[in-house]
>>> print(open('target_7.cif').read())   # mmCIF, C-alpha atoms
data_start
#
loop_
_atom_site.label_atom_id
_atom_site.label_comp_id
_atom_site.auth_asym_id
_atom_site.auth_seq_id
_atom_site.Cartn_x
_atom_site.Cartn_y
_atom_site.Cartn_z
CA MET K 1 77.89 126.45 125.06
CA PRO K 2 79.13 125.17 128.43
CA MET K 3 81.14 122.28 126.98
CA VAL K 4 83.52 124.55 125.15
CA PRO K 5 84.88 126.40 128.20
CA LEU K 6 85.06 123.03 129.95
CA CYS K 7 87.21 121.35 127.33
CA PHE K 8 89.47 124.34 127.01
CA GLY K 9 89.64 124.57 130.75
CA LEU K 10 90.95 121.03 130.60
CA LEU K 11 93.45 122.00 127.92
CA LEU K 12 94.65 124.89 130.05
CA PHE K 13 94.83 122.60 133.03
CA LEU K 14 97.15 120.29 131.17
CA ILE K 15 99.20 123.23 129.96
CA SER K 16 99.74 124.47 133.50
CA GLY K 17 99.70 121.02 135.04
CA CYS K 18 102.60 118.92 136.21
CA GLY K 19 103.13 115.45 137.57
CA ALA K 20 102.43 112.01 136.22
CA SER K 21 98.81 112.63 135.25
CA ALA K 22 99.38 115.63 132.95
CA ILE K 23 99.54 113.44 129.84
CA ASP K 24 96.37 111.59 130.85
CA ASP K 25 94.66 114.94 131.40
CA ALA K 26 95.87 116.07 127.99
CA GLN K 27 94.52 112.91 126.41
CA ALA K 28 91.13 113.35 128.09
CA ALA K 29 90.98 117.03 127.04
CA LEU K 30 91.88 116.09 123.48
CA ASP K 31 89.17 113.42 123.37
CA THR K 32 86.56 115.94 124.46
CA THR K 33 87.85 118.63 122.11
CA SER K 34 87.86 116.13 119.26
CA ARG K 35 84.23 115.32 119.95
CA VAL K 36 83.35 119.02 119.89
CA MET K 37 85.02 119.38 116.49
CA ILE K 38 83.31 116.24 115.17
CA ALA K 39 79.93 117.57 116.35
CA ALA K 40 80.61 120.85 114.52
CA ASP K 41 81.62 118.86 111.42
CA ASP K 42 78.39 116.83 111.50
CA PHE K 43 76.40 120.02 111.81
CA VAL K 44 78.20 121.71 108.90
CA ALA K 45 77.82 118.57 106.73
CA VAL K 46 74.03 118.68 107.11
CA ARG K 47 73.82 122.43 106.51
CA TYR K 48 76.15 122.24 103.49
CA THR K 49 74.05 119.50 101.88
CA THR K 50 70.84 121.44 102.48
CA GLU K 51 72.33 124.61 101.00
CA ALA K 52 73.79 122.78 97.98
CA GLU K 53 70.47 121.07 97.22
CA ARG K 54 68.64 124.36 97.54
CA SER K 55 71.10 126.02 95.13
CA GLU K 56 71.38 123.19 92.61
CA ALA K 57 69.13 124.77 90.00
CA LEU K 58 71.02 128.07 90.01
CA PRO K 59 73.22 129.14 87.07
CA HIS K 60 76.92 128.37 87.51
CA ALA K 61 78.07 131.83 88.67
CA GLU K 62 75.26 132.16 91.18
CA TYR K 63 75.84 128.66 92.48
CA GLU K 64 79.54 129.41 92.99
CA ALA K 65 78.72 132.71 94.72
CA ARG K 66 76.21 131.01 97.02
CA MET K 67 78.39 128.00 97.86
CA GLY K 68 81.76 129.80 97.98
CA PRO K 69 81.53 130.80 101.66
CA TRP K 70 80.33 127.28 102.51
CA ASP K 71 83.32 125.81 100.68
CA THR K 72 85.59 128.15 102.66
CA LEU K 73 84.02 126.89 105.89
CA VAL K 74 84.36 123.23 104.92
CA ASP K 75 87.99 123.74 103.86
CA ALA K 76 88.79 125.57 107.12
CA LEU K 77 87.09 122.85 109.16
CA ARG K 78 89.05 120.13 107.34
CA THR K 79 92.33 121.99 108.03
CA SER K 80 91.42 122.47 111.68
CA MET K 81 90.47 118.82 112.16
CA ALA K 82 93.76 117.76 110.56
CA ALA K 83 95.62 120.12 112.92
CA LEU K 84 93.79 118.63 115.91
CA LEU K 85 94.72 115.16 114.70
CA ALA K 86 98.34 116.36 114.60
CA VAL K 87 97.98 117.53 118.24
CA ARG K 88 96.81 114.04 119.15
CA LEU K 89 99.73 112.43 117.35
CA VAL K 90 102.35 114.72 118.90
CA LEU K 91 101.10 113.77 122.36
CA SER K 92 103.07 110.55 121.97
CA THR K 93 106.26 112.62 121.59
CA TRP K 94 105.52 114.20 124.94
CA GLU K 95 104.97 110.73 126.43
CA GLU K 96 108.23 109.41 125.00
CA THR K 97 110.52 112.37 125.70
CA GLY K 98 108.86 114.18 128.61
CA ASP K 99 109.12 117.40 126.62
CA ASP K 100 105.74 119.11 126.30
CA ALA K 101 106.95 121.96 124.03
CA PRO K 102 106.12 120.28 120.66
CA PHE K 103 102.68 119.44 121.97
CA LEU K 104 102.02 123.00 123.15
CA ARG K 105 103.27 124.46 119.88
CA GLN K 106 100.91 122.19 117.98
CA VAL K 107 98.01 123.31 120.21
CA ALA K 108 98.86 126.91 119.26
CA CYS K 109 98.85 125.96 115.55
CA TRP K 110 95.51 124.28 115.95
CA ALA K 111 94.14 127.42 117.65
CA ARG K 112 95.11 129.37 114.52
CA THR K 113 93.14 127.02 112.29
CA LEU K 114 90.19 127.29 114.63
CA GLU K 115 90.17 131.05 114.12
CA ALA K 116 89.76 130.49 110.37
CA VAL K 117 86.78 128.23 111.03
CA ARG K 118 85.23 130.83 113.31
CA LEU K 119 85.66 133.58 110.70
CA ALA K 120 84.18 131.42 107.93
CA ALA K 121 81.19 130.56 110.13
CA ARG K 122 80.71 134.22 110.99
CA THR K 123 80.61 135.10 107.26
CA LEU K 124 77.66 132.72 106.95
CA ASP K 125 76.06 134.02 110.14
CA LEU K 126 76.25 130.46 111.39
CA GLU K 127 76.17 129.48 115.05
CA LEU K 128 78.95 126.94 115.51
CA PRO K 129 79.73 125.42 118.89
CA LEU K 130 83.37 126.52 118.84
CA PRO K 131 85.56 128.44 121.26
CA SER K 132 86.45 132.02 120.42
CA ASP K 133 89.25 132.93 122.77
CA ILE K 134 91.70 130.08 123.15
CA GLU K 135 94.54 132.12 121.71
CA ALA K 136 93.87 134.90 124.18
CA LEU K 137 94.21 132.32 126.94
CA LEU K 138 97.52 130.96 125.71
CA PRO K 139 100.48 132.90 127.07
CA VAL K 140 102.15 134.68 124.17
CA GLY K 141 105.57 133.46 123.07
CA ARG K 142 105.97 130.06 124.59
CA PHE K 143 102.94 128.70 122.81
CA ALA K 144 103.26 130.53 119.49
CA CYS K 145 102.72 128.50 116.35
CA PRO K 146 106.05 128.39 114.43
CA ASP K 147 104.28 128.21 111.04
CA ALA K 148 102.29 131.35 111.84
CA ARG K 149 105.46 133.23 112.83
CA ALA K 150 107.10 132.19 109.55
CA THR K 151 104.25 133.63 107.50
CA GLN K 152 104.01 136.93 109.38
CA MET D 1 62.38 132.70 108.42
CA ASN D 2 65.95 133.53 109.32
CA TRP D 3 65.17 133.53 113.05
CA LEU D 4 63.64 130.06 112.70
CA ARG D 5 66.80 128.74 111.07
CA ARG D 6 68.86 130.39 113.79
CA ILE D 7 66.82 128.69 116.52
CA GLY D 8 67.29 125.42 114.62
CA ASP D 9 71.04 126.00 114.45
CA VAL D 10 71.29 126.72 118.16
CA ALA D 11 69.12 123.70 119.06
CA SER D 12 71.17 121.39 116.81
CA GLY D 13 74.39 122.71 118.33
CA ALA D 14 73.05 122.24 121.85
CA LEU D 15 71.95 118.67 121.10
CA ALA D 16 75.30 117.84 119.52
CA LEU D 17 77.13 119.22 122.55
CA GLY D 18 74.78 117.34 124.87
CA ARG D 19 75.94 114.16 123.19
CA VAL D 20 79.53 115.31 123.62
CA VAL D 21 78.97 115.80 127.37
CA VAL D 22 77.51 112.31 127.74
CA ASP D 23 80.33 110.80 125.68
CA ALA D 24 82.96 112.70 127.65
CA LEU D 25 81.84 110.98 130.84
CA LYS D 26 82.44 107.51 129.41
CA PRO D 27 85.81 105.82 129.84
CA ARG D 28 87.87 105.80 126.64
CA SER D 29 89.32 102.72 125.06
CA ALA D 30 91.99 102.49 122.36
CA GLU D 31 89.23 101.65 119.87
CA ASP D 32 87.28 104.78 120.85
CA ARG D 33 90.36 106.89 120.29
CA ALA D 34 91.09 105.24 116.96
CA GLU D 35 87.50 106.01 115.96
CA LEU D 36 87.93 109.67 116.95
CA GLU D 37 91.11 109.92 114.90
CA GLU D 38 89.40 108.28 111.94
CA ARG D 39 86.62 110.87 112.14
CA LEU D 40 89.07 113.75 112.43
CA ALA D 41 90.92 112.47 109.36
CA ASN D 42 87.71 112.12 107.33
CA PRO D 43 85.36 115.05 107.97
CA ARG D 44 81.75 114.48 106.93
CA SER D 45 81.50 118.07 105.75
CA THR D 46 84.21 117.34 103.17
CA ASP D 47 82.30 114.26 102.08
CA ALA D 48 79.13 116.37 101.73
CA GLN D 49 81.10 118.93 99.72
CA GLU D 50 82.47 116.29 97.33
CA LYS D 51 79.05 114.71 96.81
CA ALA D 52 77.44 118.11 96.15
CA ARG D 53 80.17 119.00 93.64
CA ALA D 54 79.71 115.67 91.86
CA ARG D 55 75.93 116.20 91.69
CA ARG D 56 76.47 119.69 90.37
CA ALA D 57 78.95 118.48 87.72
CA ARG D 58 76.48 115.80 86.55
CA ARG D 59 73.78 118.40 86.30
CA SER D 60 76.03 120.73 84.25
CA ASP D 61 76.89 117.83 81.90
CA GLU D 62 73.20 117.07 81.43
CA ASP D 63 72.44 120.73 80.71
CA ASP D 64 75.26 120.84 78.14
CA THR D 65 73.96 117.69 76.43
CA ARG D 66 70.46 119.19 75.96
#
>>> encode(input="target_7.cif", output="structure tokens")
Amino acid sequence: MPMVPLCFGLLLFLISGCGASAIDDAQAALDTTSRVMIAADDFVAVRYTTEAERSEALPHAEYEARMGPWDTLVDALRTSMAALLAVRLVLSTWEETGDDAPFLRQVACWARTLEAVRLAARTLDLELPLPSDIEALLPVGRFACPDARATQ
Amino acid sequence: MNWLRRIGDVASGALALGRVVVDALKPRSAEDRAELEERLANPRSTDAQEKARARRARRSDEDDTR
């Protein structure tokens, strides 16, 4: 999926970038990344509905077993989209203070949530248009998610 | 028919990303960004999940009544 490397290339560009346009670049990268997540959400919504309708006549335990992994995926996607929304909101802090650290930390936290989505999709053998290696691209330490460190 | 579903998945993903590419080339307004944030805050997959659970609960109630 060529769009995924592109949008994360943009994210990395803003991470390494400097000068007056870095925030604009970040905003553009976030818009594109948001659209990728929304496209994945639309796709999962359709597949979830199809799977639920197909399973509707099953006994309770079987229904729960069939839909459990789908519920995990939907929950992970919701968490990840909320984390991306938080990245968008914290961009204003960067604009106001000139300090990009909160923004970069939030990007790292979002990357963590994305990993959960990827794992849930893999359990279902589902092809989702999501990146797989953003964390590997983020330099360790400076961009670590504080919440993740607290739970380790 | 698993391979057929897989091809369908890949094609749907490619189409969705095609739309993303086209959208990414358009200039963004404040309204566009508000719309993106609204969508991020209200995932359609969650909506689908809630509707499916409600349907399932209704069905269980009906089965219990019989």
>>> residues_around(input="target_7.cif", residues="Val10 in chain D", least_positions_apart="5", cutoff="9 Å", atoms="only C-alpha atoms", output="short mmCIF file (atom, residue, chain, number, x, y, z; two decimals) with C-alpha atoms, in the frame of the given file")
data_model
loop_
_atom_site.label_atom_id
_atom_site.label_comp_id
_atom_site.auth_asym_id
_atom_site.auth_seq_id
_atom_site.Cartn_x
_atom_site.Cartn_y
_atom_site.Cartn_z
CA GLU K 127 76.17 129.48 115.05
CA LEU K 128 78.95 126.94 115.51
CA PRO K 129 79.73 125.42 118.89
CA ARG D 5 66.80 128.74 111.07
CA LEU D 15 71.95 118.67 121.10
#
>>> resolve_selection(input="target_7.cif", expression="the PyMOL selection byres ((chain K) within 9 of (chain D))", output="ChimeraX atom specification")
/K:1-4,28,31-32,34-49,52-53,56-57,60,70-71,74-75,77-78,81-82,84-85,88,125-129
>>> resolve_selection(input="target_7.cif", expression="the PyMOL selection byres ((chain K and resi 89-95) around 10)", output="NGL selection string")
(:K and (22-24 or 26-27 or 30 or 83-88 or 96-107)) or (:D and (37))
>>> write_last_selection(input="target_7.cif", atoms="C-alpha atoms", output="tab-separated table (two decimals), in the frame of the given file")
chain	number	residue	atom	x	y	z
K	22	ALA	CA	99.38	115.63	132.95
K	23	ILE	CA	99.54	113.44	129.84
K	24	ASP	CA	96.37	111.59	130.85
K	26	ALA	CA	95.87	116.07	127.99
K	27	GLN	CA	94.52	112.91	126.41
K	30	LEU	CA	91.88	116.09	123.48
K	83	ALA	CA	95.62	120.12	112.92
K	84	LEU	CA	93.79	118.63	115.91
K	85	LEU	CA	94.72	115.16	114.70
K	86	ALA	CA	98.34	116.36	114.60
K	87	VAL	CA	97.98	117.53	118.24
K	88	ARG	CA	96.81	114.04	119.15
K	96	GLU	CA	108.23	109.41	125.00
K	97	THR	CA	110.52	112.37	125.70
K	98	GLY	CA	108.86	114.18	128.61
K	99	ASP	CA	109.12	117.40	126.62
K	100	ASP	CA	105.74	119.11	126.30
K	101	ALA	CA	106.95	121.96	124.03
K	102	PRO	CA	106.12	120.28	120.66
K	103	PHE	CA	102.68	119.44	121.97
K	104	LEU	CA	102.02	123.00	123.15
K	105	ARG	CA	103.27	124.46	119.88
K	106	GLN	CA	100.91	122.19	117.98
K	107	VAL	CA	98.01	123.31	120.21
D	37	GLU	CA	91.11	109.92	114.90
>>> atom_distance(input="target_7.cif", atom1="CA of Leu114 in chain K", atom2="CA of Ala30 in chain D")
26.0 Å
>>> atom_distance(input="target_7.cif", atom1="CA of Arg112 in chain K", atom2="CA of Ser80 in chain K")
8.3 Å
>>> atom_distance(input="target_7.cif", atom1="CA of Met67 in chain K", atom2="CA of Arg58 in chain D")
16.7 Å
